[in-house]
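Trainee: Provided below: model.tsv, containing TSV, C-alpha atoms and all ligand atoms.
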```
chain	number	residue	atom	x	y	z
A	851	MET	CA	-67.43	80.79	130.54
A	852	THR	CA	-69.56	82.88	128.22
A	853	LYS	CA	-69.92	86.58	129.00
A	854	ASN	CA	-71.91	89.27	127.24
A	855	ILE	CA	-70.12	92.58	127.11
A	856	ALA	CA	-71.77	95.86	126.13
A	857	VAL	CA	-69.23	97.98	124.27
A	858	ILE	CA	-69.42	101.77	124.10
A	859	LYS	CA	-66.53	102.92	121.95
A	860	GLY	CA	-67.60	106.57	122.14
A	861	ASP	CA	-65.84	109.56	120.67
A	862	GLY	CA	-62.32	110.79	119.88
A	863	ILE	CA	-59.72	108.10	120.56
A	864	GLY	CA	-62.46	105.89	122.09
A	865	PRO	CA	-62.94	103.59	119.06
A	866	GLU	CA	-59.17	103.04	118.66
A	867	ILE	CA	-58.40	102.21	122.28
A	868	VAL	CA	-61.47	99.99	122.76
A	869	THR	CA	-60.62	98.02	119.62
A	870	GLU	CA	-57.25	97.17	121.19
A	871	ALA	CA	-58.86	96.15	124.49
A	872	MET	CA	-61.22	93.83	122.58
A	873	LYS	CA	-58.20	92.35	120.78
A	874	VAL	CA	-56.66	91.55	124.17
A	875	LEU	CA	-59.95	90.15	125.52
A	876	ASP	CA	-60.24	87.92	122.45
A	877	LYS	CA	-56.76	86.58	123.12
A	878	VAL	CA	-57.70	85.90	126.75
A	879	ALA	CA	-60.82	84.08	125.56
A	880	GLN	CA	-58.76	81.97	123.19
A	881	VAL	CA	-56.08	81.07	125.75
A	882	TYR	CA	-58.43	80.38	128.66
A	883	GLY	CA	-61.35	78.89	126.70
A	884	HIS	CA	-63.98	81.60	127.24
A	885	THR	CA	-66.46	83.21	124.87
A	886	PHE	CA	-66.96	86.95	124.96
A	887	ASN	CA	-69.92	88.30	122.99
A	888	TYR	CA	-69.92	92.01	122.23
A	889	THR	CA	-72.87	94.35	121.67
A	890	GLN	CA	-71.76	97.73	120.35
A	891	LEU	CA	-73.74	100.71	121.61
A	892	LEU	CA	-73.70	104.46	121.10
A	893	MET	CA	-73.22	107.03	123.85
A	894	GLY	CA	-71.88	110.58	123.99
A	895	GLY	CA	-71.21	112.69	120.91
A	896	CYS	CA	-71.72	109.85	118.42
A	897	SER	CA	-75.15	109.22	119.96
A	898	ILE	CA	-75.98	112.94	119.63
A	899	ASP	CA	-75.09	112.75	115.93
A	900	ALA	CA	-77.12	109.58	115.39
A	901	ASN	CA	-80.07	110.07	117.77
A	902	GLY	CA	-80.06	113.70	118.87
A	903	VAL	CA	-79.41	112.73	122.51
A	904	PRO	CA	-76.21	111.57	124.24
A	905	LEU	CA	-77.84	108.55	125.85
A	906	THR	CA	-80.86	106.51	124.73
A	907	ASP	CA	-83.06	104.10	126.69
A	908	GLU	CA	-81.95	101.48	124.22
A	909	THR	CA	-78.30	101.86	125.30
A	910	ILE	CA	-79.28	101.76	128.99
A	911	GLU	CA	-81.39	98.62	128.52
A	912	ALA	CA	-78.71	96.86	126.48
A	913	CYS	CA	-76.12	97.66	129.20
A	914	LYS	CA	-78.46	96.33	131.89
A	915	ALA	CA	-78.91	93.13	129.89
A	916	SER	CA	-75.14	92.54	129.70
A	917	ASP	CA	-72.63	91.15	132.22
A	918	ALA	CA	-70.45	94.26	132.09
A	919	VAL	CA	-69.81	97.39	130.03
A	920	LEU	CA	-66.52	98.26	128.35
A	921	MET	CA	-66.24	101.92	127.42
A	922	GLY	CA	-63.75	104.14	125.61
A	923	SER	CA	-64.31	107.84	126.07
A	924	ILE	CA	-66.87	110.45	125.17
A	925	GLY	CA	-66.86	114.12	124.27
A	926	GLY	CA	-65.01	116.45	121.95
A	927	ASP	CA	-63.15	119.74	121.97
A	928	THR	CA	-65.27	121.98	124.21
A	929	ASN	CA	-64.13	125.09	122.31
A	930	THR	CA	-64.82	123.95	118.77
A	931	SER	CA	-67.21	120.98	118.75
A	932	PRO	CA	-70.86	121.75	117.88
A	933	TRP	CA	-71.88	119.37	120.71
A	934	TYR	CA	-70.95	122.14	123.17
A	935	LYS	CA	-73.41	124.60	121.63
A	936	LEU	CA	-76.22	122.35	122.92
A	937	PRO	CA	-77.89	122.84	126.31
A	938	ALA	CA	-75.94	121.12	129.13
A	939	ASN	CA	-78.38	118.20	129.45
A	940	LEU	CA	-77.85	117.27	125.77
A	941	ARG	CA	-74.05	117.36	125.74
A	942	PRO	CA	-71.86	114.22	125.64
A	943	GLU	CA	-70.98	114.39	129.38
A	944	ALA	CA	-74.67	114.27	130.29
A	945	GLY	CA	-74.71	110.82	128.68
A	946	LEU	CA	-71.87	109.65	130.93
A	947	LEU	CA	-73.41	111.05	134.11
A	948	GLY	CA	-76.77	109.63	132.99
A	949	ILE	CA	-75.51	106.12	132.43
A	950	ARG	CA	-73.68	106.07	135.77
A	951	LYS	CA	-76.91	107.06	137.48
A	952	ALA	CA	-79.15	104.74	135.43
A	953	LEU	CA	-76.94	101.75	136.19
A	954	GLY	CA	-76.49	102.74	139.86
A	955	LEU	CA	-72.70	102.84	139.51
A	956	PHE	CA	-71.93	104.59	142.79
A	957	ALA	CA	-68.40	103.27	143.33
A	958	ASN	CA	-65.62	104.43	141.05
A	959	LEU	CA	-62.31	102.63	141.54
A	960	ARG	CA	-59.29	104.43	140.14
A	961	PRO	CA	-56.02	102.64	140.83
A	962	CYS	CA	-52.89	104.81	140.48
A	963	LEU	CA	-49.62	103.04	140.39
A	964	LEU	CA	-46.13	104.11	139.42
A	965	TYR	CA	-44.51	101.49	137.22
A	966	PRO	CA	-40.75	101.43	137.94
A	967	GLU	CA	-40.08	101.55	134.18
A	968	LEU	CA	-42.03	104.81	133.91
A	969	ALA	CA	-40.56	106.49	136.98
A	970	GLY	CA	-38.75	108.87	134.60
A	971	ALA	CA	-42.13	110.16	133.33
A	972	CYS	CA	-43.25	111.04	136.89
A	973	PRO	CA	-43.05	114.83	137.27
A	974	LEU	CA	-42.15	114.61	140.98
A	975	LYS	CA	-38.61	114.95	142.31
A	976	GLU	CA	-36.67	111.70	142.26
A	977	SER	CA	-36.38	111.76	146.06
A	978	ILE	CA	-40.19	111.39	146.14
A	979	SER	CA	-40.80	109.10	143.17
A	980	ALA	CA	-38.03	106.70	144.22
A	981	LYS	CA	-40.31	105.42	146.98
A	982	GLY	CA	-42.92	104.45	144.37
A	983	PHE	CA	-46.63	104.41	145.07
A	984	ASP	CA	-49.62	102.17	144.57
A	985	MET	CA	-52.95	103.63	145.63
A	986	LEU	CA	-56.60	103.30	144.73
A	987	ILE	CA	-58.98	106.22	144.73
A	988	MET	CA	-62.53	105.16	145.58
A	989	ARG	CA	-64.66	108.01	144.27
A	990	GLU	CA	-68.39	108.26	145.07
A	991	LEU	CA	-69.93	108.57	141.62
A	992	THR	CA	-73.68	109.18	141.75
A	993	GLY	CA	-74.18	111.77	144.47
A	994	GLY	CA	-72.90	115.12	145.65
A	995	LEU	CA	-72.64	118.31	143.62
A	996	TYR	CA	-72.78	116.65	140.21
A	997	PHE	CA	-76.25	115.26	140.87
A	998	GLY	CA	-77.75	117.75	143.35
A	999	GLU	CA	-80.42	120.24	142.35
A	1000	LYS	CA	-79.04	122.96	140.12
A	1001	LYS	CA	-80.44	126.17	138.72
A	1002	THR	CA	-79.43	129.44	137.12
A	1003	GLU	CA	-81.82	132.32	137.71
A	1004	GLU	CA	-82.03	136.03	138.17
A	1005	VAL	CA	-82.19	137.07	141.81
A	1006	ASP	CA	-82.85	140.80	142.37
A	1007	GLY	CA	-81.63	141.53	138.85
A	1008	VAL	CA	-78.39	139.54	139.26
A	1009	MET	CA	-77.75	136.22	137.49
A	1010	THR	CA	-77.22	133.62	140.17
A	1011	ALA	CA	-76.29	129.94	139.81
A	1012	THR	CA	-76.79	127.28	142.47
A	1013	ASP	CA	-75.46	123.71	142.77
A	1014	THR	CA	-76.45	121.60	145.74
A	1015	LEU	CA	-74.20	119.16	147.59
A	1016	VAL	CA	-76.33	116.44	149.16
A	1017	TYR	CA	-75.28	113.13	150.73
A	1018	SER	CA	-77.46	110.75	152.69
A	1019	GLU	CA	-75.90	108.48	155.28
A	1020	ASN	CA	-76.86	105.48	153.13
A	1021	GLU	CA	-74.93	106.82	150.15
A	1022	ILE	CA	-71.90	107.39	152.35
A	1023	ARG	CA	-72.14	104.01	154.04
A	1024	ARG	CA	-72.23	101.95	150.84
A	1025	ILE	CA	-69.16	103.66	149.35
A	1026	ALA	CA	-67.31	103.44	152.68
A	1027	ILE	CA	-68.02	99.69	152.81
A	1028	LYS	CA	-66.62	99.29	149.27
A	1029	ALA	CA	-63.48	101.18	150.34
A	1030	PHE	CA	-62.90	99.02	153.41
A	1031	GLU	CA	-63.59	95.83	151.45
A	1032	VAL	CA	-60.99	96.79	148.84
A	1033	ALA	CA	-58.54	97.86	151.54
A	1034	MET	CA	-58.81	94.39	153.10
A	1035	LYS	CA	-57.50	92.98	149.81
A	1036	ARG	CA	-54.72	95.57	149.63
A	1037	ASN	CA	-52.59	97.19	152.35
A	1038	LYS	CA	-55.38	97.68	154.88
A	1039	LYS	CA	-55.30	101.45	155.10
A	1040	VAL	CA	-58.18	103.82	154.28
A	1041	THR	CA	-57.73	107.57	154.01
A	1042	SER	CA	-61.12	109.27	153.98
A	1043	VAL	CA	-60.94	112.68	152.34
A	1044	ASP	CA	-63.42	115.42	153.25
A	1045	LYS	CA	-63.78	119.08	154.13
A	1046	ALA	CA	-65.22	118.51	157.58
A	1047	ASN	CA	-63.90	121.85	158.86
A	1048	VAL	CA	-66.41	123.62	156.59
A	1049	LEU	CA	-69.08	121.33	155.10
A	1050	ASP	CA	-72.00	119.61	156.81
A	1051	SER	CA	-71.98	116.86	154.18
A	1052	SER	CA	-68.34	116.19	155.12
A	1053	ARG	CA	-69.10	116.02	158.84
A	1054	LEU	CA	-71.75	113.38	158.16
A	1055	TRP	CA	-69.30	111.64	155.83
A	1056	ARG	CA	-66.66	111.43	158.58
A	1057	LYS	CA	-69.17	110.14	161.14
A	1058	VAL	CA	-70.44	107.37	158.87
A	1059	VAL	CA	-66.92	106.35	157.78
A	1060	ASN	CA	-65.99	105.98	161.46
A	1061	GLU	CA	-69.05	103.80	162.04
A	1062	VAL	CA	-68.18	101.54	159.09
A	1063	ALA	CA	-64.54	101.38	160.25
A	1064	LYS	CA	-65.67	99.57	163.43
A	1065	ASP	CA	-66.52	96.53	161.27
A	1066	TYR	CA	-62.97	96.43	159.88
A	1067	PRO	CA	-60.66	96.43	162.93
A	1068	GLU	CA	-57.69	95.33	160.79
A	1069	VAL	CA	-57.90	98.42	158.61
A	1070	THR	CA	-56.19	101.62	159.71
A	1071	VAL	CA	-58.42	104.61	159.05
A	1072	GLU	CA	-57.41	108.24	158.84
A	1073	HIS	CA	-59.28	111.39	157.88
A	1074	MET	CA	-57.66	114.05	155.75
A	1075	LEU	CA	-58.98	117.39	154.57
A	1076	VAL	CA	-59.20	117.65	150.81
A	1077	ASP	CA	-56.85	120.62	150.46
A	1078	ASN	CA	-54.22	118.86	152.53
A	1079	SER	CA	-54.79	115.69	150.49
A	1080	ALA	CA	-54.01	117.56	147.28
A	1081	MET	CA	-50.73	118.62	148.88
A	1082	GLN	CA	-49.87	115.21	150.32
A	1083	LEU	CA	-50.40	113.58	146.91
A	1084	VAL	CA	-47.39	115.43	145.53
A	1085	LYS	CA	-45.42	115.54	148.79
A	1086	ASP	CA	-45.52	111.83	149.58
A	1087	PRO	CA	-47.91	109.68	147.52
A	1088	SER	CA	-46.43	106.51	149.00
A	1089	GLN	CA	-48.44	107.13	152.22
A	1090	PHE	CA	-51.75	106.24	150.51
A	1091	ASP	CA	-53.38	102.86	150.01
A	1092	VAL	CA	-57.14	103.38	149.55
A	1093	MET	CA	-58.44	106.94	149.42
A	1094	VAL	CA	-62.24	107.26	149.67
A	1095	THR	CA	-63.98	110.50	148.89
A	1096	GLU	CA	-67.08	112.22	147.55
A	1097	ASN	CA	-67.75	112.80	143.87
A	1098	MET	CA	-66.13	116.15	143.11
A	1099	PHE	CA	-63.13	115.73	145.42
A	1100	GLY	CA	-62.53	112.34	143.79
A	1101	ASP	CA	-62.85	113.80	140.30
A	1102	ILE	CA	-60.16	116.37	141.05
A	1103	LEU	CA	-57.81	114.25	143.14
A	1104	SER	CA	-57.88	111.36	140.68
A	1105	ASP	CA	-56.68	113.64	137.88
A	1106	GLU	CA	-53.89	114.86	140.14
A	1107	ALA	CA	-52.96	111.30	141.07
A	1108	SER	CA	-52.98	110.24	137.43
A	1109	MET	CA	-50.50	112.96	136.52
A	1110	ILE	CA	-47.90	111.70	138.98
A	1111	THR	CA	-48.00	108.23	137.40
A	1112	GLY	CA	-46.49	109.78	134.29
A	1113	SER	CA	-49.40	109.50	131.89
A	1114	ILE	CA	-53.17	109.45	132.19
A	1115	GLY	CA	-52.99	106.95	129.30
A	1116	MET	CA	-51.99	104.28	131.82
A	1117	LEU	CA	-54.91	104.58	134.25
A	1118	PRO	CA	-57.89	102.23	134.19
A	1119	SER	CA	-61.10	102.61	136.14
A	1120	ALA	CA	-64.10	100.58	137.23
A	1121	SER	CA	-67.52	101.95	138.14
A	1122	MET	CA	-69.58	99.46	140.09
A	1123	ASN	CA	-72.96	99.02	141.70
A	1124	GLU	CA	-73.77	96.79	144.69
A	1125	THR	CA	-73.41	93.63	142.59
A	1126	LYS	CA	-70.54	92.46	140.40
A	1127	PHE	CA	-71.82	94.53	137.49
A	1128	GLY	CA	-69.56	97.33	136.36
A	1129	LEU	CA	-68.64	99.80	133.66
A	1130	TYR	CA	-64.96	99.85	132.80
A	1131	GLU	CA	-63.30	102.81	131.17
A	1132	PRO	CA	-59.90	104.49	131.02
A	1133	SER	CA	-59.56	107.47	133.37
A	1134	GLY	CA	-58.42	109.69	130.51
A	1135	GLY	CA	-60.62	111.60	128.10
A	1136	SER	CA	-61.36	111.39	124.38
A	1137	ALA	CA	-58.22	113.34	123.32
A	1138	PRO	CA	-59.80	114.77	120.14
A	1139	ASP	CA	-56.44	116.29	119.15
A	1140	ILE	CA	-54.93	112.86	118.40
A	1141	ALA	CA	-58.12	110.98	117.44
A	1142	GLY	CA	-57.93	108.81	114.34
A	1143	GLN	CA	-54.13	108.93	114.18
A	1144	ASN	CA	-53.43	105.50	115.70
A	1145	LYS	CA	-51.23	107.25	118.30
A	1146	ALA	CA	-53.23	106.91	121.50
A	1147	ASN	CA	-52.08	104.75	124.39
A	1148	PRO	CA	-54.53	101.83	124.70
A	1149	ILE	CA	-53.01	100.53	127.97
A	1150	ALA	CA	-55.53	102.24	130.29
A	1151	THR	CA	-58.38	100.63	128.37
A	1152	ILE	CA	-56.65	97.25	128.30
A	1153	LEU	CA	-56.12	97.49	132.08
A	1154	SER	CA	-59.80	98.48	132.43
A	1155	ALA	CA	-60.70	95.28	130.60
A	1156	SER	CA	-58.48	93.47	133.09
A	1157	MET	CA	-60.44	95.04	135.96
A	1158	MET	CA	-63.62	93.76	134.27
A	1159	LEU	CA	-62.19	90.24	134.23
A	1160	ARG	CA	-61.23	90.55	137.90
A	1161	TYR	CA	-64.23	92.33	139.43
A	1162	SER	CA	-67.19	91.38	137.23
A	1163	PHE	CA	-66.20	87.94	135.94
A	1164	ASP	CA	-64.09	86.64	138.87
A	1165	MET	CA	-61.36	85.67	136.40
A	1166	GLN	CA	-58.31	86.37	138.56
A	1167	ALA	CA	-55.74	84.37	136.55
A	1168	GLU	CA	-56.92	85.97	133.33
A	1169	ALA	CA	-56.71	89.47	134.84
A	1170	ASP	CA	-53.23	88.73	136.20
A	1171	ALA	CA	-52.19	87.57	132.73
A	1172	VAL	CA	-53.24	90.91	131.23
A	1173	ASP	CA	-51.60	92.96	134.00
A	1174	ASN	CA	-48.39	90.95	133.69
A	1175	ALA	CA	-48.36	91.32	129.91
A	1176	VAL	CA	-48.53	95.11	130.37
A	1177	LYS	CA	-45.69	95.05	132.91
A	1178	GLN	CA	-43.61	92.88	130.59
A	1179	ILE	CA	-44.03	95.05	127.49
A	1180	LEU	CA	-42.92	98.03	129.59
A	1181	LYS	CA	-39.89	96.07	130.83
A	1182	ASP	CA	-39.10	95.10	127.25
A	1183	GLY	CA	-39.02	98.74	126.26
A	1184	TYR	CA	-42.21	99.13	124.20
A	1185	ARG	CA	-43.88	102.54	124.45
A	1186	THR	CA	-46.60	104.65	122.89
A	1187	GLY	CA	-45.83	108.32	122.25
A	1188	ASP	CA	-47.12	109.63	125.59
A	1189	ILE	CA	-44.66	107.50	127.59
A	1190	MET	CA	-41.83	107.40	125.04
A	1191	SER	CA	-38.26	108.03	126.14
A	1192	GLU	CA	-34.86	107.66	124.54
A	1193	GLY	CA	-33.75	104.19	123.52
A	1194	LYS	CA	-37.27	102.70	123.71
A	1195	THR	CA	-39.34	101.24	120.88
A	1196	LEU	CA	-42.21	103.46	119.75
A	1197	LEU	CA	-45.44	101.62	118.92
A	1198	SER	CA	-48.71	102.81	117.46
A	1199	CYS	CA	-51.97	102.21	119.28
A	1200	SER	CA	-52.76	99.08	117.28
A	1201	GLU	CA	-49.19	97.75	117.50
A	1202	MET	CA	-49.36	98.11	121.29
A	1203	GLY	CA	-52.60	96.10	121.32
A	1204	ASP	CA	-51.00	93.43	119.12
A	1205	LYS	CA	-47.95	93.28	121.38
A	1206	ILE	CA	-49.93	92.91	124.61
A	1207	ALA	CA	-52.16	90.24	123.05
A	1208	GLU	CA	-49.04	88.43	121.86
A	1209	TYR	CA	-47.63	88.40	125.43
A	1210	ILE	CA	-50.70	86.56	126.75
A	1211	LYS	CA	-49.94	82.90	126.36
B	1	LIG	C1	-64.35	111.78	134.87
B	1	LIG	C2	-64.78	112.93	133.99
B	1	LIG	C3	-66.27	113.10	134.10
B	1	LIG	C4	-66.59	113.32	135.55
B	1	LIG	C5	-66.85	114.22	133.22
B	1	LIG	C6	-66.53	114.01	131.76
B	1	LIG	C7	-68.33	114.39	133.42
B	1	LIG	O1	-64.10	114.08	134.35
B	1	LIG	O2	-64.79	110.65	134.63
B	1	LIG	O3	-63.59	112.02	135.79
B	1	LIG	O4	-66.44	114.43	136.06
B	1	LIG	O5	-66.99	112.38	136.22
B	2	MG	MG	-62.59	113.84	135.79
```
Could you rewrite the structure in this file as structure tokens?
Mentor:
Amino acid sequence: MTKNIAVIKGDGIGPEIVTEAMKVLDKVAQVYGHTFNYTQLLMGGCSIDANGVPLTDETIEACKASDAVLMGSIGGDTNTSPWYKLPANLRPEAGLLGIRKALGLFANLRPCLLYPELAGACPLKESISAKGFDMLIMRELTGGLYFGEKKTEEVDGVMTATDTLVYSENEIRRIAIKAFEVAMKRNKKVTSVDKANVLDSSRLWRKVVNEVAKDYPEVTVEHMLVDNSAMQLVKDPSQFDVMVTENMFGDILSDEASMITGSIGMLPSASMNETKFGLYEPSGGSAPDIAGQNKANPIATILSASMMLRYSFDMQAEADAVDNAVKQILKDGYRTGDIMSEGKTLLSCSEMGDKIAEYIK
């Protein structure tokens, strides 16, 4: 098969980790007889430097014309980078939110899994981590507070800022359907997270999730308040299979979930629309502190490329080959700095990419 992939390397460690993911994709292409064509595009800080804006129409159109988008990370140090002296709508993050919206990527899949080899890096007590966990957070990505009307104004002489949390039943239904569909392919349990004891948007969310649940009688559904969910994630993460939630709750809970896997450098993500089209990026950020040092962990990006093979290209065997190569290098004791422990072999970012590519046969 021939696939056209839009590549947004981005800022910070982005270029390094995406280069390794492309190395692995090229090996997959070679072994399985595919052709992957890449179109490199700018977004985020590098686009601000080149074009004065974090996202151009050209990048959006080129992404739309491709079969999928592979992304690294965007943004810089919010305290020191000149990008953060710009108005909010011209900062790197506005590019990311803008591209999600422009491509209609409403479903963000963030799998969080504890690899047995990395159990030592999990900050939870051994009595909890010993049970292991394997969950997927399905975060709504184009609605809620991050996209609602916002303003900062003076009201009766006092500066006042407003953000609006809006969800329509259609927005809730389509993400709920994605969650149940994924649950059917996993352990058939959906935990819907909301704040229905306080928020109207959450009460509608719960109602619509219950309606969708009727079409999936095999899936167990439960509702959990977001504050309790934050607690349960560290008390017993093994109870979760698919967790579906609105944009901001998902943003926060997915960072919490990533931490208990040991390193955010291990977590891939997929952002999808109604079709098979998706944007694939590691869950972690641009890590400006280690950028350019060939130290970053490319595994999250490599696993994101694997999700692209699986969800956008229907290449299950190829995706399994990448996932298994990652499991095997961990078993064989290879580590980047973030997951290093005594007696293991420390690899640079590019050496890790080489190693994983080598394991795909
Ligand atoms: C994420 C990030 C982004 C988000 C930021 C950079 C806008 O935190 O992908 O989780 O909040 O969606
Ligand atoms: Mg986040």
Trainee: Using the file's own x, y and z axes, what box holds all listed atoms of region 904-923 of chain A with 6 Å on each side, keeping edges along x, y and z, and what are its centre and edge lengths in Å to one decimal, as lines of an AutoDock Vina configuration file?
Mentor:
```
center_x = -73.4
center_y = 101.4
center_z = 128.2
size_x = 31.3
size_y = 32.4
size_z = 20.0
```
Trainee: Need to verify the contact set: region 1101-1106 of chain A, 9 Å, only C-alpha atoms, exclusion of same-chain residues closer than 6 positions in sequence. Can you return it as a list in words?
Mentor: Arg960, Pro961, Cys962, Ile987, Arg989, Leu991, Val1076, Ser1079, Ala1080, Leu1083, Val1084, Ile1114, Ser1133 and Gly1134 of chain A
Trainee: Residues contacting ligand LIG 1 (chain B) - anything with an atom at most 9 Å away, using all atoms listed in the file - can you give me those as a list in words?
Mentor: Ser923, Ile924, Gly925, Pro942, Glu943, Ala944, Gly945, Leu946, Leu947, Asn958, Leu991, Tyr996, Asn1097, Met1098, Gly1100, Asp1101, Ile1102, Ser1104, Asp1105, Ser1119, Glu1131, Pro1132, Ser1133, Gly1134 and Gly1135 of chain A
Trainee: Which residues come within 10 Å of Thr1014 (chain A), counting all atoms listed in the file, excluding same-chain residues fewer than 6 positions away, as a list in words?
Mentor: Gly994, Leu995, Tyr996, Phe997, Gly998, Glu999, Lys1000 and Lys1001 of chain A
Trainee: Go ahead and dump the residues you just picked, C-alpha atoms, as an mmCIF file, keeping the file's coordinate frame.
Mentor:
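Generated file (again_22.cif):
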```cif
data_model
loop_
_atom_site.group_PDB
_atom_site.id
_atom_site.type_symbol
_atom_site.label_atom_id
_atom_site.label_comp_id
_atom_site.auth_asym_id
_atom_site.auth_seq_id
_atom_site.Cartn_x
_atom_site.Cartn_y
_atom_site.Cartn_z
ATOM 1 C CA GLY A 994 -72.900 115.120 145.650
ATOM 2 C CA LEU A 995 -72.640 118.310 143.620
ATOM 3 C CA TYR A 996 -72.780 116.650 140.210
ATOM 4 C CA PHE A 997 -76.250 115.260 140.870
ATOM 5 C CA GLY A 998 -77.750 117.750 143.350
ATOM 6 C CA GLU A 999 -80.420 120.240 142.350
ATOM 7 C CA LYS A 1000 -79.040 122.960 140.120
ATOM 8 C CA LYS A 1001 -80.440 126.170 138.720
#
```
Trainee: Give me the residues within 12 Å of Leu920 (chain A) as an MDAnalysis selection string, counting only C-alpha atoms and dropping any in the same chain fewer than 4 places off.
Mentor: chainID A and resid 854:860 864:865 867:872 875 886:893 913 916 1118:1121 1127:1132 1150:1159 1162
Trainee: Save out the residues we just selected, C-alpha atoms, as a compact mmCIF listing (two decimals), in the frame of the given file.
Mentor:
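And here is the file that came out, result-v5.txt:
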```txt
# COMPACT_ATOMS: atom_id res chain seq x y z
CA ASN A 854 -71.91 89.27 127.24
CA ILE A 855 -70.12 92.58 127.11
CA ALA A 856 -71.77 95.86 126.13
CA VAL A 857 -69.23 97.98 124.27
CA ILE A 858 -69.42 101.77 124.10
CA LYS A 859 -66.53 102.92 121.95
CA GLY A 860 -67.60 106.57 122.14
CA GLY A 864 -62.46 105.89 122.09
CA PRO A 865 -62.94 103.59 119.06
CA ILE A 867 -58.40 102.21 122.28
CA VAL A 868 -61.47 99.99 122.76
CA THR A 869 -60.62 98.02 119.62
CA GLU A 870 -57.25 97.17 121.19
CA ALA A 871 -58.86 96.15 124.49
CA MET A 872 -61.22 93.83 122.58
CA LEU A 875 -59.95 90.15 125.52
CA PHE A 886 -66.96 86.95 124.96
CA ASN A 887 -69.92 88.30 122.99
CA TYR A 888 -69.92 92.01 122.23
CA THR A 889 -72.87 94.35 121.67
CA GLN A 890 -71.76 97.73 120.35
CA LEU A 891 -73.74 100.71 121.61
CA LEU A 892 -73.70 104.46 121.10
CA MET A 893 -73.22 107.03 123.85
CA CYS A 913 -76.12 97.66 129.20
CA SER A 916 -75.14 92.54 129.70
CA PRO A 1118 -57.89 102.23 134.19
CA SER A 1119 -61.10 102.61 136.14
CA ALA A 1120 -64.10 100.58 137.23
CA SER A 1121 -67.52 101.95 138.14
CA PHE A 1127 -71.82 94.53 137.49
CA GLY A 1128 -69.56 97.33 136.36
CA LEU A 1129 -68.64 99.80 133.66
CA TYR A 1130 -64.96 99.85 132.80
CA GLU A 1131 -63.30 102.81 131.17
CA PRO A 1132 -59.90 104.49 131.02
CA ALA A 1150 -55.53 102.24 130.29
CA THR A 1151 -58.38 100.63 128.37
CA ILE A 1152 -56.65 97.25 128.30
CA LEU A 1153 -56.12 97.49 132.08
CA SER A 1154 -59.80 98.48 132.43
CA ALA A 1155 -60.70 95.28 130.60
CA SER A 1156 -58.48 93.47 133.09
CA MET A 1157 -60.44 95.04 135.96
CA MET A 1158 -63.62 93.76 134.27
CA LEU A 1159 -62.19 90.24 134.23
CA SER A 1162 -67.19 91.38 137.23
```
Trainee: For the point (-52.4, 89.0, 136.7) in the file's frame, write as a list of chain:residue names all residues with an atom no more than 12 Å away, counting all atoms listed in the file.
Mentor: A:Val878, A:Leu1153, A:Ser1156, A:Met1157, A:Leu1159, A:Arg1160, A:Met1165, A:Gln1166, A:Ala1167, A:Glu1168, A:Ala1169, A:Asp1170, A:Ala1171, A:Val1172, A:Asp1173, A:Asn1174, A:Ala1175, A:Val1176, A:Lys1177, A:Gln1178, A:Ile1210
Trainee: With only C-alpha atoms and all ligand atoms as the atoms that count, which of A:Ile1022, A:Met1122, A:Ala1107, A:Leu974 lies nearest to ligand MG 2 (chain B)?
Mentor: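 For ligand MG 2 (chain B), the nearest of the given residues is A:Ala1107.
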Trainee: Please provide as a list in words all residues within 8 Å of Pro973 (chain A), with the sequence filter that same-chain residues fewer than 2 positions apart are discarded (counting all atoms listed in the file).
Mentor: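 Here the answer would be Gly970, Ala971, Lys975, Met1109, Ile1110 and Gly1112 of chain A.
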Trainee: Which residues are close to Ser1051 (chain A), i.e. within 10 Å by all atoms listed in the file, leaving aside same-chain residues fewer than 4 positions away? Reply as a list in words.
Mentor: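 These residues fall inside the cut-off: Gly994, Leu1015, Val1016, Tyr1017, Ser1018, Glu1019, Ile1022, Asp1044, Lys1045, Ala1046, Trp1055, Arg1056 and Glu1096 of chain A.
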Trainee: When distances are computed from all atoms listed in the file, which of A:Tyr1184, A:Phe1099, A:Tyr934, A:Phe1163 shows the smallest separation from ligand MG 2 (chain B)?
Mentor: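 Of the candidates, the smallest distance to ligand MG 2 (chain B) is held by A:Phe1099.
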Trainee: Restricting the calculation to only C-alpha atoms, which member of A:Asp876, A:Glu1004, A:Asp1204, A:Glu1072 is positioned closest to Ile1179 (chain A)?
Mentor: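 Counting only C-alpha atoms, the residue closest to Ile1179 (chain A) is A:Asp1204.
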Trainee: Counting all atoms listed in the file, figure out which residue out of A:Arg950, A:Ala1207, A:Ala900, A:Ser1108 gets nearest to ligand MG 2 (chain B).
Mentor: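 Counting all atoms listed in the file, the residue closest to ligand MG 2 (chain B) is A:Ser1108.
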Trainee: Measuring between all atoms listed in the file, which one of A:His1073, A:Lys1145, A:Lys914, A:Lys1035 shows the shortest distance to Gly1203 (chain A)?
Mentor: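 Checking each of A:His1073, A:Lys1145, A:Lys914, A:Lys1035 against Gly1203 (chain A), counting all atoms listed in the file, the winner is A:Lys1145.
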Trainee: What does the structure give for the distance between CA of Asn1037 (chain A) and CA of Val1071 (chain A), in Å to one decimal?
Mentor: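 The value is 11.6 Å.
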Trainee: Between CA of Leu905 (chain A) and CA of Leu940 (chain A), what distance in Å does the model show, to one decimal?
Mentor: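 So the answer is 8.7 Å.
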Trainee: So the first atom is CA of Gly1115 (chain A) and the second is CA of Leu936 (chain A); what is the distance between them in Å, to one decimal place?
Mentor: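 Interatomic distance here is 28.6 Å.
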Trainee: Between A:Ser931, A:Thr852, A:Ser977, A:Ser897, which one has atoms that come closest to Ala879 (chain A), using only C-alpha atoms?
Mentor: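 Smallest separation from Ala879 (chain A) among the options: A:Thr852.
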